[in-house]
>>> print(open('entry.txt').read())   # compact mmCIF, N, CA and C atoms
# COMPACT_ATOMS: atom_id res chain seq x y z
N MET E 2 -13.98 5.95 11.18
CA MET E 2 -13.63 5.02 12.24
C MET E 2 -12.63 5.71 13.17
N VAL E 3 -12.71 5.38 14.45
CA VAL E 3 -11.88 6.02 15.46
C VAL E 3 -10.39 5.74 15.22
N VAL E 4 -10.06 4.53 14.75
CA VAL E 4 -8.65 4.22 14.48
C VAL E 4 -8.10 5.19 13.46
N ASP E 5 -8.88 5.49 12.43
CA ASP E 5 -8.44 6.44 11.42
C ASP E 5 -8.25 7.83 12.03
N GLN E 6 -9.14 8.20 12.96
CA GLN E 6 -9.01 9.50 13.63
C GLN E 6 -7.75 9.53 14.49
N LEU E 7 -7.51 8.44 15.24
CA LEU E 7 -6.31 8.38 16.07
C LEU E 7 -5.06 8.34 15.21
N ARG E 8 -5.12 7.58 14.13
CA ARG E 8 -3.96 7.51 13.22
C ARG E 8 -3.68 8.88 12.61
N ALA E 9 -4.72 9.67 12.38
CA ALA E 9 -4.52 11.00 11.84
C ALA E 9 -3.80 11.89 12.86
N GLN E 10 -4.03 11.60 14.14
CA GLN E 10 -3.39 12.38 15.20
C GLN E 10 -1.95 11.91 15.45
N LEU E 11 -1.66 10.66 15.13
CA LEU E 11 -0.34 10.09 15.38
C LEU E 11 0.35 9.79 14.06
N SER E 12 1.59 10.21 13.94
CA SER E 12 2.35 9.88 12.74
C SER E 12 2.80 8.42 12.82
N ASP E 13 3.27 7.90 11.71
CA ASP E 13 3.80 6.53 11.71
C ASP E 13 4.95 6.40 12.71
N GLU E 14 5.78 7.43 12.81
CA GLU E 14 6.90 7.39 13.76
C GLU E 14 6.40 7.32 15.21
N GLU E 15 5.34 8.07 15.51
CA GLU E 15 4.77 8.04 16.87
C GLU E 15 4.16 6.68 17.17
N LEU E 16 3.47 6.10 16.19
CA LEU E 16 2.92 4.76 16.37
C LEU E 16 4.03 3.74 16.59
N ASP E 17 5.09 3.85 15.81
CA ASP E 17 6.24 2.95 15.98
C ASP E 17 6.83 3.08 17.38
N ARG E 18 7.00 4.33 17.84
CA ARG E 18 7.55 4.53 19.19
C ARG E 18 6.65 3.92 20.26
N LEU E 19 5.34 4.08 20.09
CA LEU E 19 4.38 3.54 21.05
C LEU E 19 4.46 2.01 21.11
N PHE E 20 4.38 1.36 19.95
CA PHE E 20 4.39 -0.10 19.94
C PHE E 20 5.75 -0.67 20.32
N GLN E 21 6.83 0.01 19.95
CA GLN E 21 8.16 -0.46 20.37
C GLN E 21 8.32 -0.32 21.88
N ALA E 22 7.78 0.76 22.44
CA ALA E 22 7.88 0.95 23.89
C ALA E 22 7.11 -0.15 24.62
N LEU E 23 5.95 -0.51 24.12
CA LEU E 23 5.13 -1.52 24.78
C LEU E 23 5.57 -2.95 24.47
N ALA E 24 6.49 -3.11 23.54
CA ALA E 24 6.94 -4.45 23.14
C ALA E 24 7.87 -5.09 24.15
N ASP E 25 8.38 -4.32 25.10
CA ASP E 25 9.36 -4.84 26.04
C ASP E 25 8.73 -5.09 27.42
N THR E 26 9.03 -6.24 27.99
CA THR E 26 8.46 -6.63 29.29
C THR E 26 8.83 -5.64 30.40
N THR E 27 10.08 -5.24 30.45
CA THR E 27 10.52 -4.32 31.51
C THR E 27 9.80 -2.99 31.37
N ARG E 28 9.69 -2.49 30.15
CA ARG E 28 9.00 -1.20 29.97
C ARG E 28 7.53 -1.30 30.35
N ARG E 29 6.88 -2.40 29.99
CA ARG E 29 5.47 -2.56 30.39
C ARG E 29 5.36 -2.59 31.92
N ASP E 30 6.33 -3.23 32.58
CA ASP E 30 6.30 -3.28 34.04
C ASP E 30 6.54 -1.89 34.64
N ILE E 31 7.43 -1.13 34.04
CA ILE E 31 7.66 0.23 34.53
C ILE E 31 6.38 1.05 34.39
N VAL E 32 5.70 0.94 33.26
CA VAL E 32 4.44 1.67 33.07
C VAL E 32 3.43 1.25 34.14
N ARG E 33 3.32 -0.05 34.37
CA ARG E 33 2.39 -0.54 35.39
C ARG E 33 2.71 0.07 36.75
N ARG E 34 3.97 0.07 37.11
CA ARG E 34 4.37 0.59 38.42
C ARG E 34 4.09 2.09 38.56
N VAL E 35 4.44 2.86 37.53
CA VAL E 35 4.28 4.31 37.66
C VAL E 35 2.83 4.75 37.53
N THR E 36 1.95 3.87 37.02
CA THR E 36 0.53 4.23 37.04
C THR E 36 -0.02 4.12 38.46
N LEU E 37 0.67 3.34 39.30
CA LEU E 37 0.24 3.20 40.69
C LEU E 37 0.86 4.25 41.61
N GLY E 38 1.98 4.83 41.19
CA GLY E 38 2.64 5.85 42.00
C GLY E 38 3.95 6.28 41.37
N GLU E 39 4.47 7.40 41.86
CA GLU E 39 5.73 7.92 41.33
C GLU E 39 6.90 7.08 41.80
N TYR E 40 7.93 7.03 40.96
CA TYR E 40 9.18 6.36 41.30
C TYR E 40 10.32 7.23 40.83
N SER E 41 11.39 7.23 41.57
CA SER E 41 12.62 7.84 41.05
C SER E 41 13.26 6.82 40.12
N VAL E 42 14.10 7.29 39.22
CA VAL E 42 14.78 6.37 38.31
C VAL E 42 15.64 5.41 39.12
N SER E 43 16.29 5.90 40.16
CA SER E 43 17.11 5.00 40.99
C SER E 43 16.24 4.01 41.74
N GLY E 44 15.04 4.42 42.15
CA GLY E 44 14.10 3.49 42.79
C GLY E 44 13.65 2.40 41.83
N LEU E 45 13.42 2.76 40.59
CA LEU E 45 13.07 1.76 39.58
C LEU E 45 14.25 0.83 39.32
N ALA E 46 15.45 1.40 39.23
CA ALA E 46 16.64 0.60 38.95
C ALA E 46 16.85 -0.46 40.02
N ALA E 47 16.49 -0.16 41.25
CA ALA E 47 16.65 -1.13 42.34
C ALA E 47 15.73 -2.34 42.18
N LEU E 48 14.68 -2.20 41.38
CA LEU E 48 13.70 -3.27 41.22
C LEU E 48 14.06 -4.29 40.14
N TYR E 49 15.05 -3.97 39.31
CA TYR E 49 15.37 -4.82 38.17
C TYR E 49 16.82 -5.27 38.22
N ALA E 50 17.05 -6.44 37.67
CA ALA E 50 18.40 -7.00 37.62
C ALA E 50 19.13 -6.45 36.39
N MET E 51 19.31 -5.13 36.39
CA MET E 51 20.02 -4.46 35.31
C MET E 51 20.62 -3.18 35.85
N SER E 52 21.46 -2.59 35.07
CA SER E 52 22.15 -1.38 35.52
C SER E 52 21.21 -0.18 35.56
N PHE E 53 21.63 0.81 36.31
CA PHE E 53 20.91 2.08 36.38
C PHE E 53 20.77 2.67 34.98
N ALA E 54 21.85 2.62 34.20
CA ALA E 54 21.85 3.17 32.84
C ALA E 54 20.82 2.46 31.96
N ALA E 55 20.69 1.16 32.12
CA ALA E 55 19.71 0.40 31.32
C ALA E 55 18.29 0.84 31.67
N VAL E 56 18.02 1.03 32.96
CA VAL E 56 16.69 1.50 33.37
C VAL E 56 16.45 2.91 32.85
N GLN E 57 17.47 3.75 32.88
CA GLN E 57 17.34 5.10 32.32
C GLN E 57 16.95 5.05 30.85
N LYS E 58 17.56 4.14 30.12
CA LYS E 58 17.24 3.99 28.69
C LYS E 58 15.80 3.53 28.49
N HIS E 59 15.35 2.59 29.32
CA HIS E 59 13.96 2.14 29.23
C HIS E 59 13.00 3.31 29.50
N VAL E 60 13.31 4.10 30.51
CA VAL E 60 12.46 5.25 30.84
C VAL E 60 12.47 6.25 29.69
N ALA E 61 13.62 6.45 29.06
CA ALA E 61 13.71 7.38 27.93
C ALA E 61 12.85 6.91 26.76
N VAL E 62 12.83 5.60 26.50
CA VAL E 62 11.98 5.05 25.43
C VAL E 62 10.52 5.31 25.76
N LEU E 63 10.13 5.08 27.00
CA LEU E 63 8.74 5.33 27.41
C LEU E 63 8.39 6.81 27.34
N GLU E 64 9.34 7.65 27.67
CA GLU E 64 9.11 9.09 27.62
C GLU E 64 8.94 9.56 26.17
N ARG E 65 9.76 9.04 25.25
CA ARG E 65 9.63 9.40 23.84
C ARG E 65 8.28 8.94 23.27
N ALA E 66 7.74 7.85 23.83
CA ALA E 66 6.44 7.35 23.39
C ALA E 66 5.28 8.05 24.11
N SER E 67 5.60 9.02 24.94
CA SER E 67 4.60 9.79 25.70
C SER E 67 3.80 8.95 26.68
N LEU E 68 4.40 7.87 27.18
CA LEU E 68 3.72 7.02 28.16
C LEU E 68 4.07 7.41 29.59
N VAL E 69 5.24 8.01 29.79
CA VAL E 69 5.66 8.50 31.10
C VAL E 69 6.27 9.88 30.92
N SER E 70 6.41 10.57 32.04
CA SER E 70 7.13 11.84 32.04
C SER E 70 8.11 11.82 33.21
N LYS E 71 9.15 12.63 33.08
CA LYS E 71 10.15 12.74 34.15
C LYS E 71 10.17 14.18 34.66
N GLU E 72 10.43 14.30 35.93
CA GLU E 72 10.56 15.61 36.56
C GLU E 72 11.74 15.56 37.51
N ARG E 73 12.60 16.55 37.40
CA ARG E 73 13.75 16.60 38.31
C ARG E 73 13.30 17.19 39.63
N ARG E 74 13.63 16.45 40.70
CA ARG E 74 13.38 16.91 42.07
C ARG E 74 14.69 16.79 42.83
N GLY E 75 15.36 17.90 42.97
CA GLY E 75 16.67 17.86 43.60
C GLY E 75 17.63 17.06 42.74
N ARG E 76 18.21 16.04 43.32
CA ARG E 76 19.16 15.20 42.58
C ARG E 76 18.47 14.02 41.88
N GLU E 77 17.20 13.84 42.15
CA GLU E 77 16.48 12.68 41.59
C GLU E 77 15.62 13.08 40.40
N GLN E 78 15.42 12.10 39.55
CA GLN E 78 14.46 12.26 38.45
C GLN E 78 13.26 11.38 38.78
N ILE E 79 12.11 12.00 38.90
CA ILE E 79 10.89 11.29 39.27
C ILE E 79 10.13 10.93 37.99
N VAL E 80 9.75 9.66 37.92
CA VAL E 80 9.02 9.15 36.76
C VAL E 80 7.57 8.96 37.18
N ARG E 81 6.67 9.47 36.34
CA ARG E 81 5.24 9.29 36.59
C ARG E 81 4.55 8.98 35.28
N ALA E 82 3.39 8.40 35.39
CA ALA E 82 2.60 8.05 34.20
C ALA E 82 2.14 9.31 33.50
N ASN E 83 2.16 9.30 32.19
CA ASN E 83 1.59 10.37 31.38
C ASN E 83 0.19 9.87 31.00
N HIS E 84 -0.79 10.31 31.75
CA HIS E 84 -2.15 9.77 31.58
C HIS E 84 -2.75 10.08 30.21
N ASP E 85 -2.42 11.23 29.65
CA ASP E 85 -2.94 11.54 28.31
C ASP E 85 -2.37 10.55 27.28
N GLY E 86 -1.08 10.30 27.36
CA GLY E 86 -0.45 9.35 26.44
C GLY E 86 -0.98 7.94 26.63
N LEU E 87 -1.18 7.54 27.88
CA LEU E 87 -1.72 6.21 28.16
C LEU E 87 -3.16 6.08 27.67
N GLN E 88 -3.95 7.12 27.82
CA GLN E 88 -5.34 7.10 27.33
C GLN E 88 -5.37 6.98 25.81
N ARG E 89 -4.50 7.71 25.15
CA ARG E 89 -4.43 7.65 23.69
C ARG E 89 -4.03 6.24 23.25
N ALA E 90 -3.06 5.65 23.93
CA ALA E 90 -2.63 4.29 23.60
C ALA E 90 -3.76 3.30 23.87
N ARG E 91 -4.46 3.47 24.97
CA ARG E 91 -5.58 2.58 25.29
C ARG E 91 -6.68 2.66 24.24
N ARG E 92 -7.03 3.88 23.84
CA ARG E 92 -8.07 4.05 22.81
C ARG E 92 -7.65 3.40 21.50
N LEU E 93 -6.40 3.59 21.14
CA LEU E 93 -5.90 3.00 19.90
C LEU E 93 -5.95 1.47 19.98
N LEU E 94 -5.48 0.90 21.09
CA LEU E 94 -5.50 -0.56 21.25
C LEU E 94 -6.92 -1.09 21.33
N ASP E 95 -7.82 -0.36 21.96
CA ASP E 95 -9.23 -0.77 22.00
C ASP E 95 -9.82 -0.84 20.59
N GLU E 96 -9.49 0.15 19.77
CA GLU E 96 -10.01 0.16 18.41
C GLU E 96 -9.41 -0.97 17.58
N TYR E 97 -8.13 -1.25 17.77
CA TYR E 97 -7.52 -2.38 17.07
C TYR E 97 -8.18 -3.69 17.53
N GLU E 98 -8.52 -3.77 18.80
CA GLU E 98 -9.18 -4.97 19.31
C GLU E 98 -10.53 -5.18 18.60
N VAL E 99 -11.28 -4.10 18.42
CA VAL E 99 -12.57 -4.20 17.73
C VAL E 99 -12.35 -4.74 16.31
N ILE E 100 -11.37 -4.20 15.63
CA ILE E 100 -11.08 -4.64 14.26
C ILE E 100 -10.69 -6.12 14.25
N TRP E 101 -9.80 -6.52 15.16
CA TRP E 101 -9.34 -7.91 15.21
C TRP E 101 -10.49 -8.86 15.55
N ARG E 102 -11.34 -8.47 16.48
CA ARG E 102 -12.49 -9.32 16.83
C ARG E 102 -13.45 -9.44 15.65
N GLN E 103 -13.68 -8.35 14.94
CA GLN E 103 -14.56 -8.40 13.77
C GLN E 103 -13.98 -9.35 12.72
N ARG E 104 -12.68 -9.28 12.52
CA ARG E 104 -12.04 -10.16 11.54
C ARG E 104 -12.11 -11.62 11.99
N ALA E 105 -11.88 -11.86 13.26
CA ALA E 105 -11.96 -13.23 13.78
C ALA E 105 -13.38 -13.76 13.66
N ASP E 106 -14.37 -12.93 13.95
CA ASP E 106 -15.77 -13.33 13.81
C ASP E 106 -16.09 -13.63 12.35
N ARG E 107 -15.57 -12.82 11.44
CA ARG E 107 -15.82 -13.04 10.01
C ARG E 107 -15.18 -14.35 9.56
N ILE E 108 -13.98 -14.63 10.03
CA ILE E 108 -13.32 -15.90 9.70
C ILE E 108 -14.15 -17.07 10.22
N ALA E 109 -14.64 -16.96 11.46
CA ALA E 109 -15.47 -18.02 12.04
C ALA E 109 -16.75 -18.21 11.21
N ASP E 110 -17.34 -17.09 10.77
CA ASP E 110 -18.55 -17.19 9.94
C ASP E 110 -18.24 -17.88 8.61
N LEU E 111 -17.13 -17.52 8.00
CA LEU E 111 -16.75 -18.14 6.73
C LEU E 111 -16.49 -19.63 6.89
N LEU E 112 -15.82 -20.01 7.98
CA LEU E 112 -15.56 -21.43 8.24
C LEU E 112 -16.86 -22.19 8.48
N ALA E 113 -17.77 -21.59 9.23
CA ALA E 113 -19.06 -22.24 9.49
C ALA E 113 -19.85 -22.37 8.19
N GLU E 114 -19.81 -21.34 7.37
CA GLU E 114 -20.51 -21.36 6.08
C GLU E 114 -19.93 -22.43 5.17
N THR E 115 -18.63 -22.54 5.14
CA THR E 115 -17.96 -23.55 4.33
C THR E 115 -18.31 -24.95 4.81
N ALA E 116 -18.35 -25.14 6.12
CA ALA E 116 -18.66 -26.45 6.69
C ALA E 116 -20.09 -26.88 6.35
N THR E 117 -21.02 -25.94 6.27
CA THR E 117 -22.41 -26.31 5.99
C THR E 117 -22.68 -26.46 4.50
N THR E 118 -21.86 -25.87 3.64
CA THR E 118 -22.11 -25.97 2.20
C THR E 118 -21.35 -27.12 1.55
N GLU E 119 -20.33 -27.66 2.18
CA GLU E 119 -19.59 -28.79 1.62
C GLU E 119 -20.38 -30.07 1.83
N PRO E 120 -20.39 -30.97 0.83
CA PRO E 120 -21.09 -32.25 1.03
C PRO E 120 -20.37 -33.06 2.09
N ASP E 121 -21.13 -33.91 2.75
CA ASP E 121 -20.56 -34.75 3.79
C ASP E 121 -19.72 -35.84 3.14
N LYS E 122 -18.43 -35.69 3.22
CA LYS E 122 -17.53 -36.63 2.55
C LYS E 122 -17.47 -37.98 3.24
N THR E 123 -17.92 -38.06 4.48
CA THR E 123 -17.82 -39.33 5.19
C THR E 123 -18.77 -40.37 4.63
N GLU E 124 -19.93 -39.97 4.11
CA GLU E 124 -20.89 -40.94 3.58
C GLU E 124 -20.96 -40.90 2.06
N THR E 125 -21.14 -39.69 1.50
CA THR E 125 -21.34 -39.61 0.05
C THR E 125 -20.06 -39.85 -0.72
N GLY E 126 -18.93 -39.59 -0.13
CA GLY E 126 -17.67 -39.76 -0.84
C GLY E 126 -17.11 -41.16 -0.74
N LYS E 127 -17.73 -42.04 0.07
CA LYS E 127 -17.22 -43.40 0.25
C LYS E 127 -17.66 -44.30 -0.90
N LYS E 128 -16.78 -45.17 -1.28
CA LYS E 128 -17.16 -46.21 -2.23
C LYS E 128 -17.24 -47.50 -1.45
N ASP E 129 -17.98 -48.42 -1.98
CA ASP E 129 -18.07 -49.74 -1.32
C ASP E 129 -16.78 -50.48 -1.65
N THR E 130 -15.91 -50.54 -0.67
CA THR E 130 -14.59 -51.14 -0.91
C THR E 130 -14.68 -52.64 -1.10
N ARG E 131 -15.73 -53.24 -0.56
CA ARG E 131 -15.88 -54.70 -0.75
C ARG E 131 -16.09 -55.02 -2.22
N ASN E 132 -16.95 -54.25 -2.88
CA ASN E 132 -17.20 -54.50 -4.30
C ASN E 132 -15.95 -54.23 -5.12
N THR E 133 -15.24 -53.18 -4.78
CA THR E 133 -14.02 -52.84 -5.51
C THR E 133 -13.00 -53.95 -5.36
N GLN E 134 -12.84 -54.43 -4.14
CA GLN E 134 -11.88 -55.51 -3.90
C GLN E 134 -12.29 -56.78 -4.62
N SER E 135 -13.56 -57.13 -4.58
CA SER E 135 -14.01 -58.36 -5.23
C SER E 135 -13.90 -58.24 -6.74
N ASN E 136 -14.14 -57.05 -7.28
CA ASN E 136 -14.00 -56.85 -8.72
C ASN E 136 -12.54 -57.01 -9.14
N LYS E 137 -11.63 -56.51 -8.33
CA LYS E 137 -10.21 -56.65 -8.65
C LYS E 137 -9.81 -58.12 -8.63
N THR E 138 -10.30 -58.82 -7.63
CA THR E 138 -9.97 -60.24 -7.50
C THR E 138 -10.55 -61.03 -8.67
N GLU E 139 -11.79 -60.72 -9.02
CA GLU E 139 -12.44 -61.41 -10.13
C GLU E 139 -11.71 -61.13 -11.43
N GLY E 140 -11.26 -59.89 -11.60
CA GLY E 140 -10.57 -59.53 -12.82
C GLY E 140 -9.27 -60.31 -12.97
N LYS E 141 -8.62 -60.60 -11.88
CA LYS E 141 -7.34 -61.32 -11.93
C LYS E 141 -7.57 -62.80 -12.27
N THR E 142 -8.62 -63.36 -11.78
CA THR E 142 -8.85 -64.79 -12.04
C THR E 142 -9.38 -65.04 -13.44
N GLU E 143 -10.06 -64.04 -14.01
CA GLU E 143 -10.59 -64.22 -15.35
C GLU E 143 -9.51 -64.13 -16.40
N GLY E 144 -8.50 -63.37 -16.19
CA GLY E 144 -7.52 -63.08 -17.21
C GLY E 144 -6.42 -63.99 -17.24
>>> encode(input="entry.txt", output="structure tokens")
Amino acid sequence: MVVDQLRAQLSDEELDRLFQALADTTRRDIVRRVTLGEYSVSGLAALYAMSFAAVQKHVAVLERASLVSKERRGREQIVRANHDGLQRARRLLDEYEVIWRQRADRIADLLAETATTEPDKTETGKKDTRNTQSNKTEGKTEG
């Protein structure tokens, strides 16, 4: 299976870095922006209600996960998408999606199978409550 092949290429630490990087809204937004074009770290910092240092830390997390790369241009650090890292992440997530869909389909099949094999409790499980009530009443008057 492809997931096993990708997992063989990525250590548990690399997988953790990837999923931790993608777990944050700001980092996902930074990835989205840099896939459309380059940004300087200061340009990114201007887009968020946080400090320059906080944005630098977000970029560093993305860089460690191989989702972006930085290049120094003069006094600026330019952030761009790391397309190889993004492709690897996409393939991994696509494969997980296949697994999750297969499991969801199997659960749906099991639920459908269970629903068709169980007796219909609405009719066969009912007792005639009128007879039960009248028997109880009769039993009280006889005794």
>>> atom_distance(input="entry.txt", atom1="atom N of Thr27 in chain E", atom2="CA of Ala50 in chain E")
11.1 Å
>>> atom_distance(input="entry.txt", atom1="atom N of Ser70 in chain E", atom2="atom N of Glu98 in chain E")
24.6 Å
>>> atom_distance(input="entry.txt", atom1="atom N of Tyr49 in chain E", atom2="CA of Leu16 in chain E")
27.4 Å
>>> closest_residue(input="entry.txt", among="E:Leu37, E:Met51, E:Ala90, E:Ala113", to="Leu19 in chain E", atoms="all atoms listed in the file")
E:Ala90
>>> residues_around(input="entry.txt", residues="Ala82 in chain E", least_positions_apart="3", cutoff="6 Å", atoms="all atoms listed in the file", output="ChimeraX atom specification")
/E:35-36,68-70
>>> closest_residue(input="entry.txt", among="E:Gln21, E:Asn83, E:Gln78, E:Thr117", to="Ser41 in chain E", atoms="only C-alpha atoms")
E:Gln78
>>> select_by_dssp(input="entry.txt", residues="range 48-116 of chain E", states="strand (DSSP E)", output="list of chain:residue names")
E:Val69, E:Ser70, E:Lys71, E:Glu72, E:Arg73, E:Arg74, E:Glu77, E:Gln78, E:Ile79, E:Val80, E:Arg81, E:Ala82
>>> write_last_selection(input="entry.txt", atoms="N, CA and C atoms", output="CSV table (one decimal), keeping the file's coordinate frame")
chain,number,residue,atom,x,y,z
E,69,VAL,N,5.2,8.0,29.8
E,69,VAL,CA,5.7,8.5,31.1
E,69,VAL,C,6.3,9.9,30.9
E,70,SER,N,6.4,10.6,32.0
E,70,SER,CA,7.1,11.8,32.0
E,70,SER,C,8.1,11.8,33.2
E,71,LYS,N,9.2,12.6,33.1
E,71,LYS,CA,10.2,12.7,34.2
E,71,LYS,C,10.2,14.2,34.7
E,72,GLU,N,10.4,14.3,35.9
E,72,GLU,CA,10.6,15.6,36.6
E,72,GLU,C,11.7,15.6,37.5
E,73,ARG,N,12.6,16.6,37.4
E,73,ARG,CA,13.8,16.6,38.3
E,73,ARG,C,13.3,17.2,39.6
E,74,ARG,N,13.6,16.4,40.7
E,74,ARG,CA,13.4,16.9,42.1
E,74,ARG,C,14.7,16.8,42.8
E,77,GLU,N,17.2,13.8,42.2
E,77,GLU,CA,16.5,12.7,41.6
E,77,GLU,C,15.6,13.1,40.4
E,78,GLN,N,15.4,12.1,39.6
E,78,GLN,CA,14.5,12.3,38.4
E,78,GLN,C,13.3,11.4,38.8
E,79,ILE,N,12.1,12.0,38.9
E,79,ILE,CA,10.9,11.3,39.3
E,79,ILE,C,10.1,10.9,38.0
E,80,VAL,N,9.8,9.7,37.9
E,80,VAL,CA,9.0,9.2,36.8
E,80,VAL,C,7.6,9.0,37.2
E,81,ARG,N,6.7,9.5,36.3
E,81,ARG,CA,5.2,9.3,36.6
E,81,ARG,C,4.6,9.0,35.3
E,82,ALA,N,3.4,8.4,35.4
E,82,ALA,CA,2.6,8.0,34.2
E,82,ALA,C,2.1,9.3,33.5
